[in-house]
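Asker: Input structure: model34.csv, which contains CSV, C-alpha atoms.
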```csv
chain,number,residue,atom,x,y,z
A,1,MET,CA,-7.4,-23.8,-13.4
A,2,PRO,CA,-3.9,-22.4,-12.8
A,3,ASP,CA,-1.3,-24.8,-11.3
A,4,SER,CA,-0.6,-24.4,-7.7
A,5,LEU,CA,2.9,-24.7,-6.2
A,6,SER,CA,3.9,-27.0,-3.4
A,7,PRO,CA,5.1,-25.4,-0.1
A,8,THR,CA,8.4,-27.2,-0.7
A,9,ASP,CA,8.9,-25.5,-4.1
A,10,ALA,CA,7.7,-22.2,-2.7
A,11,ALA,CA,10.3,-22.4,0.0
A,12,ARG,CA,13.0,-23.1,-2.6
A,13,LEU,CA,12.0,-20.0,-4.5
A,14,TYR,CA,12.1,-18.0,-1.3
A,15,GLU,CA,15.5,-19.4,-0.3
A,16,ARG,CA,16.9,-18.4,-3.7
A,17,TYR,CA,15.1,-15.2,-4.6
A,18,GLY,CA,13.6,-14.0,-1.3
A,19,PHE,CA,16.2,-11.3,-0.7
A,20,PHE,CA,15.7,-9.9,-4.2
A,21,LEU,CA,11.9,-9.9,-4.0
A,22,LEU,CA,11.8,-8.2,-0.6
A,23,ARG,CA,14.3,-5.7,-1.8
A,24,ARG,CA,12.1,-4.9,-4.8
A,25,CYS,CA,9.0,-4.5,-2.6
A,26,ARG,CA,10.8,-2.1,-0.3
A,27,THR,CA,12.1,-0.1,-3.3
A,28,ILE,CA,8.6,0.3,-4.7
A,29,LEU,CA,6.7,0.8,-1.5
A,30,ARG,CA,9.4,2.5,0.6
A,31,ASP,CA,7.8,1.0,3.7
A,32,ALA,CA,9.3,-2.1,5.4
A,33,ALA,CA,6.1,-3.4,6.9
A,34,ALA,CA,4.1,-2.8,3.8
A,35,ALA,CA,6.8,-4.6,1.8
A,36,ASP,CA,6.7,-7.6,4.1
A,37,ASP,CA,2.9,-7.8,3.6
A,38,ALA,CA,3.2,-7.4,-0.2
A,39,LEU,CA,5.8,-10.2,-0.4
A,40,GLN,CA,3.6,-12.5,1.8
A,41,GLN,CA,0.6,-11.8,-0.5
A,42,ALA,CA,2.8,-12.6,-3.5
A,43,PHE,CA,3.7,-16.0,-2.0
A,44,GLU,CA,0.0,-16.6,-1.2
A,45,ARG,CA,-0.6,-16.2,-4.9
A,46,ILE,CA,2.4,-18.3,-5.8
A,47,LEU,CA,1.1,-21.1,-3.6
A,48,ARG,CA,-2.4,-20.9,-5.1
A,49,SER,CA,-1.6,-20.5,-8.8
A,50,GLY,CA,2.1,-20.0,-9.3
A,51,GLY,CA,3.1,-23.3,-10.8
A,52,ALA,CA,4.1,-21.6,-14.1
A,53,VAL,CA,7.2,-20.1,-12.4
A,54,LEU,CA,8.8,-23.6,-12.5
A,55,HIS,CA,8.7,-23.5,-16.3
A,56,ALA,CA,9.7,-19.9,-16.7
A,57,ASP,CA,12.8,-19.1,-18.7
A,58,GLU,CA,13.6,-16.3,-16.3
A,59,PRO,CA,12.1,-17.2,-12.9
A,60,LEU,CA,13.2,-14.0,-11.2
A,61,ARG,CA,11.7,-11.8,-13.9
A,62,TRP,CA,8.5,-13.8,-13.6
A,63,LEU,CA,8.5,-13.3,-9.9
A,64,TYR,CA,9.3,-9.6,-10.2
A,65,ARG,CA,6.2,-9.1,-12.4
A,66,LEU,CA,4.1,-10.8,-9.7
A,67,VAL,CA,5.5,-8.8,-6.7
A,68,ASP,CA,5.2,-5.6,-8.8
A,69,ARG,CA,1.4,-6.3,-9.1
A,70,CYS,CA,1.1,-6.9,-5.4
A,71,CYS,CA,3.0,-3.6,-4.7
A,72,PHE,CA,0.9,-1.7,-7.2
A,73,ASP,CA,-2.2,-3.0,-5.5
A,74,VAL,CA,-1.0,-1.6,-2.2
A,75,LEU,CA,-0.2,1.8,-3.8
A,76,ARG,CA,-3.6,1.9,-5.5
A,77,SER,CA,-5.4,1.2,-2.3
A,78,ARG,CA,-3.6,4.2,-0.7
A,79,ARG,CA,-3.6,6.4,-3.8
A,80,ARG,CA,-0.4,7.8,-2.6
A,81,SER,CA,3.2,6.8,-2.4
A,82,ILE,CA,4.7,6.2,1.0
A,83,GLU,CA,7.5,8.4,2.1
A,84,SER,CA,8.4,6.6,5.4
A,85,ALA,CA,11.1,7.9,7.6
A,86,HIS,CA,12.4,4.4,7.5
A,87,GLY,CA,12.1,4.0,3.8
A,88,GLU,CA,15.6,2.9,3.0
A,89,GLU,CA,15.9,-0.1,0.8
A,90,LEU,CA,17.1,-3.5,1.7
A,91,GLY,CA,20.7,-3.1,0.6
A,92,GLU,CA,21.8,0.1,-1.0
A,93,THR,CA,22.7,-1.0,-4.5
A,94,ALA,CA,20.9,0.5,-7.5
A,95,HIS,CA,21.1,-0.4,-11.2
A,96,PRO,CA,24.3,1.2,-12.5
A,97,GLY,CA,22.5,2.8,-15.5
A,98,VAL,CA,19.8,4.6,-13.4
A,99,ASP,CA,20.1,8.1,-12.0
A,100,ILE,CA,19.4,7.8,-8.3
A,101,GLU,CA,17.7,11.2,-7.9
A,102,ALA,CA,15.4,10.6,-10.8
A,103,ARG,CA,14.6,7.1,-9.5
A,104,ASP,CA,13.8,8.4,-6.0
A,105,ALA,CA,11.5,11.1,-7.4
A,106,ALA,CA,9.7,8.7,-9.6
A,107,LEU,CA,9.2,6.2,-6.8
A,108,LYS,CA,7.8,8.9,-4.6
A,109,LEU,CA,5.2,9.7,-7.3
A,110,LEU,CA,4.3,6.0,-8.0
A,111,GLY,CA,1.1,6.1,-6.0
A,112,THR,CA,-0.2,9.0,-8.1
A,113,MET,CA,0.3,7.1,-11.4
A,114,SER,CA,-1.9,5.0,-13.6
A,115,ASP,CA,-1.3,1.3,-13.9
A,116,ASP,CA,0.7,1.6,-17.2
A,117,GLU,CA,2.7,4.5,-15.8
A,118,MET,CA,3.6,2.6,-12.6
A,119,LYS,CA,4.8,-0.4,-14.7
A,120,ILE,CA,6.8,1.8,-17.0
A,121,ALA,CA,8.3,3.9,-14.2
A,122,VAL,CA,9.5,0.7,-12.4
A,123,LEU,CA,10.9,-0.8,-15.5
A,124,LEU,CA,12.7,2.4,-16.4
A,125,PHE,CA,13.9,3.7,-13.1
A,126,VAL,CA,14.3,0.5,-11.1
A,127,ASP,CA,15.2,-2.1,-13.7
A,128,GLY,CA,17.1,0.2,-16.0
A,129,MET,CA,15.4,-1.2,-19.1
A,130,SER,CA,15.6,0.5,-22.5
A,131,GLN,CA,12.5,2.0,-24.1
A,132,GLY,CA,12.4,-0.9,-26.5
A,133,GLU,CA,12.6,-3.5,-23.8
A,134,ILE,CA,9.9,-1.7,-21.8
A,135,ALA,CA,7.6,-1.5,-24.9
A,136,ASP,CA,8.0,-5.3,-25.3
A,137,GLU,CA,7.4,-5.9,-21.6
A,138,VAL,CA,4.2,-3.9,-21.3
A,139,GLY,CA,2.8,-4.6,-24.7
A,140,LEU,CA,2.6,-0.9,-25.8
A,141,SER,CA,4.1,0.6,-28.9
A,142,ARG,CA,7.4,2.3,-28.6
A,143,VAL,CA,5.9,5.6,-29.6
A,144,THR,CA,3.4,5.4,-26.7
A,145,VAL,CA,6.1,4.3,-24.3
A,146,ASN,CA,8.4,7.1,-25.4
A,147,LYS,CA,5.6,9.6,-24.8
A,148,LYS,CA,4.8,8.2,-21.4
A,149,ILE,CA,8.5,8.2,-20.4
A,150,LYS,CA,8.9,11.8,-21.4
A,151,ALA,CA,5.9,12.7,-19.3
A,152,LEU,CA,7.3,10.7,-16.3
A,153,ARG,CA,10.7,12.4,-16.6
A,154,VAL,CA,9.0,15.8,-16.6
A,155,ARG,CA,7.0,14.9,-13.5
A,156,ALA,CA,10.0,13.4,-11.7
A,157,GLY,CA,12.0,16.5,-12.6
A,158,GLN,CA,9.4,18.8,-11.3
A,159,TYR,CA,9.1,16.8,-8.1
A,160,PHE,CA,12.9,16.9,-7.6
A,161,ASP,CA,13.0,20.7,-8.3
A,162,ARG,CA,10.2,21.3,-5.7
A,163,ALA,CA,12.0,19.1,-3.1
A,164,SER,CA,15.4,20.7,-3.6
B,165,MET,CA,18.5,17.1,-12.2
B,166,GLN,CA,19.8,14.6,-14.8
B,167,PRO,CA,17.0,12.1,-15.4
B,168,ALA,CA,17.9,8.5,-16.0
B,169,SER,CA,19.6,8.4,-19.3
B,170,ASN,CA,18.3,5.7,-21.6
B,171,ASP,CA,21.5,5.6,-23.5
B,172,GLN,CA,23.3,5.0,-20.2
B,173,SER,CA,21.0,2.3,-19.0
B,174,THR,CA,21.2,0.4,-22.2
B,175,LYS,CA,24.9,-0.1,-21.6
B,176,HIS,CA,24.1,-2.5,-18.8
B,177,PRO,CA,21.9,-5.5,-18.6
B,178,ALA,CA,18.5,-4.9,-17.0
B,179,SER,CA,18.3,-5.1,-13.3
B,180,HIS,CA,16.4,-8.4,-13.2
B,181,ARG,CA,19.2,-10.1,-15.1
B,182,LEU,CA,21.9,-8.8,-12.8
B,183,ASP,CA,19.8,-9.8,-9.8
B,184,ALA,CA,19.3,-13.3,-11.2
B,185,VAL,CA,23.0,-13.8,-11.6
B,186,ALA,CA,23.6,-12.6,-8.1
B,187,ALA,CA,20.9,-15.1,-7.0
B,188,GLY,CA,22.8,-18.0,-8.6
B,189,ASP,CA,21.1,-18.2,-12.1
B,190,ALA,CA,23.2,-18.7,-15.2
B,191,ASP,CA,23.3,-16.0,-17.9
B,192,GLU,CA,26.1,-16.0,-20.4
B,193,GLY,CA,25.4,-12.5,-21.6
B,194,VAL,CA,25.6,-11.1,-18.2
B,195,ALA,CA,28.6,-13.1,-17.3
B,196,ALA,CA,30.5,-11.7,-20.3
B,197,HIS,CA,29.4,-8.2,-19.4
B,198,LEU,CA,30.6,-8.5,-15.8
B,199,GLY,CA,34.1,-9.3,-17.1
B,200,SER,CA,34.3,-5.8,-18.7
B,201,CYS,CA,32.0,-3.6,-16.5
B,202,GLU,CA,33.3,-2.8,-13.1
B,203,ALA,CA,30.1,-1.1,-11.9
B,204,CYS,CA,27.9,-4.1,-12.6
B,205,ALA,CA,30.5,-6.6,-11.3
B,206,ARG,CA,30.6,-4.6,-8.1
B,207,GLN,CA,26.9,-4.5,-7.8
B,208,VAL,CA,26.5,-8.3,-8.4
B,209,ALA,CA,29.1,-9.0,-5.8
B,210,GLU,CA,27.4,-6.8,-3.2
B,211,LEU,CA,24.0,-8.4,-3.9
B,212,ARG,CA,25.5,-11.9,-3.5
B,213,GLU,CA,26.8,-10.9,-0.1
B,214,GLN,CA,23.6,-9.3,1.0
B,215,ALA,CA,21.5,-12.3,-0.3
B,216,ALA,CA,23.8,-14.7,1.6
B,217,ARG,CA,23.2,-12.7,4.8
B,218,PHE,CA,19.5,-12.7,4.2
B,219,ARG,CA,19.4,-16.4,3.7
B,220,GLY,CA,21.3,-16.9,6.9
B,221,ALA,CA,18.8,-14.8,8.9
B,222,ASN,CA,15.5,-16.0,7.3
B,223,ASP,CA,13.9,-19.4,7.4
B,224,ALA,CA,12.2,-20.1,4.1
B,225,ASP,CA,10.0,-22.9,5.4
B,226,ALA,CA,8.7,-20.6,8.2
B,227,PHE,CA,8.0,-17.8,5.7
B,228,VAL,CA,6.0,-20.1,3.4
B,229,ALA,CA,4.1,-21.6,6.4
B,230,GLY,CA,3.2,-18.0,7.4
B,231,ALA,CA,2.0,-17.3,3.8
B,232,GLN,CA,-0.2,-20.4,3.9
B,233,ALA,CA,-1.7,-19.4,7.3
B,234,SER,CA,-2.3,-15.9,6.1
B,235,ALA,CA,-4.1,-17.2,2.9
B,236,THR,CA,-6.4,-19.2,5.2
B,237,ARG,CA,-7.2,-16.3,7.4
B,238,ARG,CA,-7.8,-14.1,4.4
B,239,LEU,CA,-10.3,-16.6,3.0
B,240,ARG,CA,-12.2,-16.7,6.3
B,241,SER,CA,-12.2,-12.9,6.6
B,242,SER,CA,-13.5,-12.4,3.1
B,243,ALA,CA,-16.3,-14.7,3.9
B,244,ILE,CA,-17.1,-12.6,7.0
B,245,ALA,CA,-16.9,-9.4,4.9
B,246,ARG,CA,-19.4,-10.8,2.4
B,247,ILE,CA,-21.8,-11.5,5.3
B,248,GLY,CA,-21.3,-8.0,6.6
B,249,PHE,CA,-22.0,-6.5,3.2
B,250,VAL,CA,-25.4,-8.2,3.2
B,251,ALA,CA,-26.1,-7.5,6.9
B,252,ALA,CA,-25.1,-3.8,6.9
B,253,PRO,CA,-28.2,-2.4,5.1
B,254,LEU,CA,-30.4,-4.5,7.4
B,255,LEU,CA,-28.6,-3.2,10.4
B,256,ALA,CA,-28.8,0.4,9.2
B,257,ALA,CA,-32.5,-0.1,8.7
B,258,ALA,CA,-32.8,-1.3,12.3
B,259,VAL,CA,-30.9,1.7,13.6
B,260,VAL,CA,-33.1,4.1,11.7
B,261,LEU,CA,-36.1,2.4,13.1
B,262,LEU,CA,-34.8,2.8,16.7
B,263,LEU,CA,-34.0,6.5,16.1
B,264,LEU,CA,-37.5,7.2,14.7
B,265,ARG,CA,-39.1,5.4,17.7
B,266,ALA,CA,-36.9,7.5,20.1
B,267,ARG,CA,-38.1,10.8,18.8
B,268,PRO,CA,-40.0,13.0,21.2
B,269,PRO,CA,-43.8,12.9,20.9
B,270,ASP,CA,-43.9,16.5,19.4
B,271,GLY,CA,-42.1,15.2,16.3
B,272,ALA,CA,-38.9,17.3,16.9
B,273,PRO,CA,-35.9,15.7,15.3
B,274,GLY,CA,-33.9,13.5,17.7
B,275,LEU,CA,-30.8,15.7,17.5
B,276,VAL,CA,-27.7,14.8,19.4
B,277,THR,CA,-25.2,17.5,20.3
B,278,PRO,CA,-21.6,17.3,19.0
B,279,GLY,CA,-19.4,15.0,21.0
B,280,THR,CA,-22.1,13.1,22.8
B,281,VAL,CA,-22.2,9.3,22.6
B,282,ALA,CA,-25.3,7.3,22.1
B,283,THR,CA,-25.8,3.6,22.3
B,284,THR,CA,-27.4,2.1,19.2
B,285,ALA,CA,-28.1,-1.4,17.9
B,286,PRO,CA,-25.2,-3.8,18.3
B,287,SER,CA,-22.9,-4.0,15.3
B,288,THR,CA,-21.2,-7.0,13.9
B,289,THR,CA,-18.0,-5.8,15.6
B,290,ALA,CA,-17.0,-5.3,19.2
B,291,THR,CA,-18.0,-1.7,20.1
B,292,THR,CA,-21.6,-0.6,20.3
B,293,ALA,CA,-21.2,3.1,20.7
B,294,GLU,CA,-21.2,5.8,18.1
B,295,SER,CA,-20.4,9.5,18.1
B,296,HIS,CA,-22.9,11.9,16.7
B,297,PHE,CA,-21.8,15.3,15.5
B,298,LYS,CA,-23.3,18.4,13.9
B,299,GLY,CA,-25.2,17.9,10.7
B,300,GLY,CA,-26.6,14.6,11.8
B,301,MET,CA,-23.2,12.9,11.2
B,302,VAL,CA,-22.3,9.7,13.0
B,303,VAL,CA,-18.7,8.7,13.0
B,304,ALA,CA,-16.9,5.5,14.0
B,305,VAL,CA,-13.5,4.0,13.2
B,306,VAL,CA,-13.0,0.4,12.1
B,307,ARG,CA,-9.7,-0.9,13.2
B,308,GLU,CA,-8.5,-4.1,11.8
B,309,ARG,CA,-5.9,-5.9,13.8
B,310,GLU,CA,-4.6,-9.4,13.2
B,311,GLY,CA,-7.6,-10.2,11.1
B,312,LYS,CA,-10.2,-9.0,13.6
B,313,GLN,CA,-12.2,-5.8,13.2
B,314,GLU,CA,-13.1,-3.5,16.1
B,315,ARG,CA,-15.4,-0.5,15.8
B,316,LEU,CA,-14.1,2.4,17.9
B,317,VAL,CA,-15.3,5.8,18.9
B,318,GLY,CA,-13.1,8.6,20.2
B,319,PRO,CA,-9.3,8.8,20.5
B,320,PHE,CA,-7.8,5.4,19.8
B,321,GLN,CA,-4.4,3.6,19.8
B,322,VAL,CA,-2.7,1.7,17.0
B,323,ARG,CA,0.2,-0.6,16.7
B,324,ALA,CA,2.3,-2.0,13.8
B,325,GLY,CA,0.1,-3.8,11.3
B,326,ASP,CA,-3.2,-2.2,12.2
B,327,ARG,CA,-5.4,-0.9,9.4
B,328,VAL,CA,-8.0,1.8,10.0
B,329,ARG,CA,-11.0,2.9,8.0
B,330,VAL,CA,-13.7,5.5,8.8
B,331,GLU,CA,-17.4,4.8,8.9
B,332,VAL,CA,-19.6,7.9,8.4
B,333,SER,CA,-23.4,7.9,8.6
B,334,THR,CA,-25.3,11.0,7.6
B,335,ASP,CA,-29.0,11.8,7.6
B,336,HIS,CA,-28.8,14.1,4.6
B,337,ALA,CA,-26.7,14.3,1.4
B,338,GLY,CA,-23.6,16.5,1.3
B,339,PRO,CA,-19.9,16.6,0.8
B,340,LEU,CA,-17.6,15.0,3.4
B,341,ALA,CA,-13.9,14.4,3.8
B,342,ALA,CA,-11.8,12.4,6.2
B,343,GLY,CA,-8.1,11.7,6.7
B,344,LEU,CA,-5.2,11.5,9.1
B,345,LEU,CA,-3.1,14.6,9.9
B,346,THR,CA,0.2,13.8,11.4
B,347,ASP,CA,1.9,16.1,13.8
B,348,ALA,CA,4.5,16.6,11.2
B,349,GLY,CA,1.8,18.0,8.9
B,350,GLU,CA,1.5,15.1,6.5
B,351,TRP,CA,-2.1,14.4,5.3
B,352,VAL,CA,-3.3,10.9,4.6
B,353,THR,CA,-6.6,10.9,2.8
B,354,LEU,CA,-9.1,8.2,3.9
B,355,LEU,CA,-12.2,9.7,2.3
B,356,ALA,CA,-11.5,12.1,-0.6
B,357,PRO,CA,-13.8,15.1,-0.7
B,358,VAL,CA,-17.0,13.7,-2.2
B,359,ALA,CA,-20.7,14.3,-2.1
B,360,LEU,CA,-22.4,11.5,-0.2
B,361,GLU,CA,-26.0,10.5,-0.1
B,362,SER,CA,-27.6,10.0,3.2
B,363,GLY,CA,-26.8,6.7,4.7
B,364,THR,CA,-23.7,4.8,6.0
B,365,HIS,CA,-20.4,5.0,4.1
B,366,TYR,CA,-17.0,3.5,4.6
B,367,SER,CA,-13.9,5.3,3.5
B,368,GLU,CA,-12.6,3.7,0.3
B,369,LEU,CA,-9.1,4.0,1.6
B,370,ASP,CA,-7.5,2.6,4.7
B,371,ALA,CA,-4.5,3.7,6.6
B,372,ARG,CA,-2.0,1.1,7.6
B,373,PHE,CA,0.5,1.7,10.4
B,374,ASP,CA,4.1,0.5,10.6
B,375,ASP,CA,6.3,0.4,13.6
B,376,THR,CA,7.1,4.1,13.4
B,377,PRO,CA,5.6,5.9,16.5
B,378,THR,CA,2.3,7.4,15.4
B,379,ARG,CA,1.3,10.9,16.4
B,380,ALA,CA,-1.6,12.0,14.3
B,381,THR,CA,-5.2,13.1,14.5
B,382,LEU,CA,-8.2,11.7,12.6
B,383,LEU,CA,-10.2,14.5,11.0
B,384,VAL,CA,-13.7,14.1,9.6
B,385,GLY,CA,-16.0,16.9,8.4
B,386,THR,CA,-17.1,18.9,5.4
B,387,PRO,CA,-14.2,19.4,2.9
B,388,ASP,CA,-14.0,23.1,3.8
B,389,ASP,CA,-14.0,22.5,7.5
B,390,VAL,CA,-11.3,19.8,7.2
B,391,ALA,CA,-9.2,22.0,5.0
B,392,ARG,CA,-9.5,24.8,7.5
B,393,ALA,CA,-8.6,22.5,10.4
B,394,ARG,CA,-5.6,21.2,8.5
B,395,ALA,CA,-4.4,24.7,7.9
B,396,THR,CA,-5.1,26.2,11.3
B,397,ARG,CA,-5.0,23.2,13.6
B,398,ASP,CA,-8.2,24.5,15.0
B,399,PHE,CA,-10.3,21.4,15.2
B,400,GLY,CA,-13.5,23.0,16.6
B,401,GLN,CA,-15.6,22.4,13.5
B,402,VAL,CA,-14.6,18.8,12.7
B,403,VAL,CA,-14.5,15.4,14.3
B,404,ALA,CA,-10.9,15.2,15.7
B,405,TRP,CA,-9.7,12.1,17.4
B,406,ARG,CA,-6.2,11.7,18.6
B,407,ILE,CA,-4.3,8.6,17.4
B,408,THR,CA,-1.3,7.3,19.5
B,409,SER,CA,0.9,4.3,19.4
B,410,GLU,CA,0.5,1.4,21.9
B,411,ALA,CA,3.1,-1.2,22.8
B,412,GLY,CA,3.1,-4.4,20.7
B,413,PRO,CA,1.6,-7.7,22.0
```
Write out the structure in this file as structure tokens.
Answerer:
Amino acid sequence: MPDSLSPTDAARLYERYGFFLLRRCRTILRDAAAADDALQQAFERILRSGGAVLHADEPLRWLYRLVDRCCFDVLRSRRRSIESAHGEELGETAHPGVDIEARDAALKLLGTMSDDEMKIAVLLFVDGMSQGEIADEVGLSRVTVNKKIKALRVRAGQYFDRAS
Amino acid sequence: MQPASNDQSTKHPASHRLDAVAAGDADEGVAAHLGSCEACARQVAELREQAARFRGANDADAFVAGAQASATRRLRSSAIARIGFVAAPLLAAAVVLLLLRARPPDGAPGLVTPGTVATTAPSTTATTAESHFKGGMVVAVVREREGKQERLVGPFQVRAGDRVRVEVSTDHAGPLAAGLLTDAGEWVTLLAPVALESGTHYSELDARFDDTPTRATLLVGTPDDVARARATRDFGQVVAWRITSEAGP
């Protein structure tokens, strides 16, 4: 049975990383209320079975994968991405290596993607990871990741062209 | 548009590493990079400042206590849902029985005209009315609020945090569709166009409302009728219930 996490340890995690986790939820979901819910559900899971985070080499990376899953669950349940009028992120900083327009287009299409595509899109457009890093992270070959990234960029480009 | 350049992104550490340093974690590689990259250094500085403001405004113990309480509520509600899953077919059978018994002696079908409301067997939720429409279709809305479900008929109100699903019962097989049409023209699918068997069905998708004022209309009908209603705003051939916002508690 997975290790649970004590409320005290969970509160420490929230104190240190809460801002970053909520910001990520808002980036993916583009909906403040849904992001709050997703983060709460993530912490429910952490309390129940998140003891491993205490032994993780990179705790924030571990937590990001968890909140990503919670956000993807929300998107899957809606089968669409949310373009809220109040969809601004928590904070306005984006990874320096990521093109903002491409990122926004990809995020708006997230809800229409498969699980693998959602993961790859977030790692590419939000985290600014290289294709090799993404391949390692998602457990797919670089060739497969490259193909999927090409397809994502085409879709993001088409979306942007339609919107502009 | 210039898509995210992979060559460009590989110049900088991945976002989770920059974020971790801004959160207070040690990372020698990132620290070295920050000394030579103004863009990343600026981003980390901004994130540190924003995180400090967030910590000052948010109580971690209260948040975790909320998550614990929510987990408890979720466990209870999933237990109720399991009970409902078992009870629903039995309830539907009881409703069918009542309708059959209510038929006129000449055997004519017990048709109900569009828009009329009939009282049926009590449901597991609050409301006991249903709306019957053409084609033998019966429609209700299940609104979940703060862990409680209400079954509603006709125009209804929502507030932030509410979730809404559609319940449709039909007495014959056929395609149906349902969704929310906002006044701005956005369409939120609740029940994708699909051929349904006769019986009671719940939309596989639910709509969740945030604190943005809601001005929308729930549409239910055949896919063609719904598509026409969306295009023309003539709701004469579909179930159309107005959704508006109510003040919070």
Asker: Counting only C-alpha atoms, a student should be able to say which residues of chain A come within 7 Å of chain B; what is the right answer, written as a ChimeraX atom specification?
Answerer: /A:7,10-11,14-17,19-20,33,40,43-44,60-61,77-78,91,93,95-99,102,125,127-130,153,157
Asker: Do you have the atom CA of Asp388 of chain B-atom CA of Glu314 of chain B distance handy?
Answerer: 29.3 Å
Asker: Mind giving me the straight-line distance from atom CA of Leu5 of chain A to atom CA of Val126 of chain A in Å, one decimal?
Answerer: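 That distance, rounded to one decimal, is 28.1 Å.
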Asker: Could you tell me how far atom CA of Ala205 of chain B sits from atom CA of Arg23 of chain A, in Å to one decimal place?
Answerer: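 Between atom CA of Arg23 of chain A and atom CA of Ala205 of chain B the gap is 18.8 Å.
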Asker: Which residues come within 8 Å of segment 135-143 of chain A, counting all atoms listed in the file, excluding same-chain residues fewer than 6 positions away, as a PyMOL selection string?
Answerer: chain A and resi 116+119-120
Asker: With C-alpha atoms retained, export the selected residues as a PDB file, in the frame of the given file.
Answerer:
```pdb
ATOM      1  CA  ASP A 116       0.700   1.600 -17.200  1.00  0.00           C
ATOM      2  CA  LYS A 119       4.800  -0.400 -14.700  1.00  0.00           C
ATOM      3  CA  ILE A 120       6.800   1.800 -17.000  1.00  0.00           C
TER       4      ILE A 120
END
```
Asker: So, counting only C-alpha atoms, which residue among A:Ala42, A:Thr112, A:Asp31, A:Arg48 is closest to Leu63 of chain A?
Answerer: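 When distances to Leu63 of chain A are compared using only C-alpha atoms, the smallest one comes from A:Ala42.
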Asker: For each of B:Met301, B:Val317, B:Val332, B:Ala395, take the minimum atom-to-atom distance to Leu345 of chain B, counting all atoms listed in the file, then give the residue where this is smallest.
Answerer: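 Distance minimum relative to Leu345 of chain B lands on B:Ala395.
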Asker: Identify the residues within 6 Å of coordinate (-0.8, 12.7, 15.4) (same frame as the file), considering only C-alpha atoms, and give the answer as a list in words.
Answerer: Thr346, Asp347, Arg379, Ala380, Thr381 and Ile407 of chain B
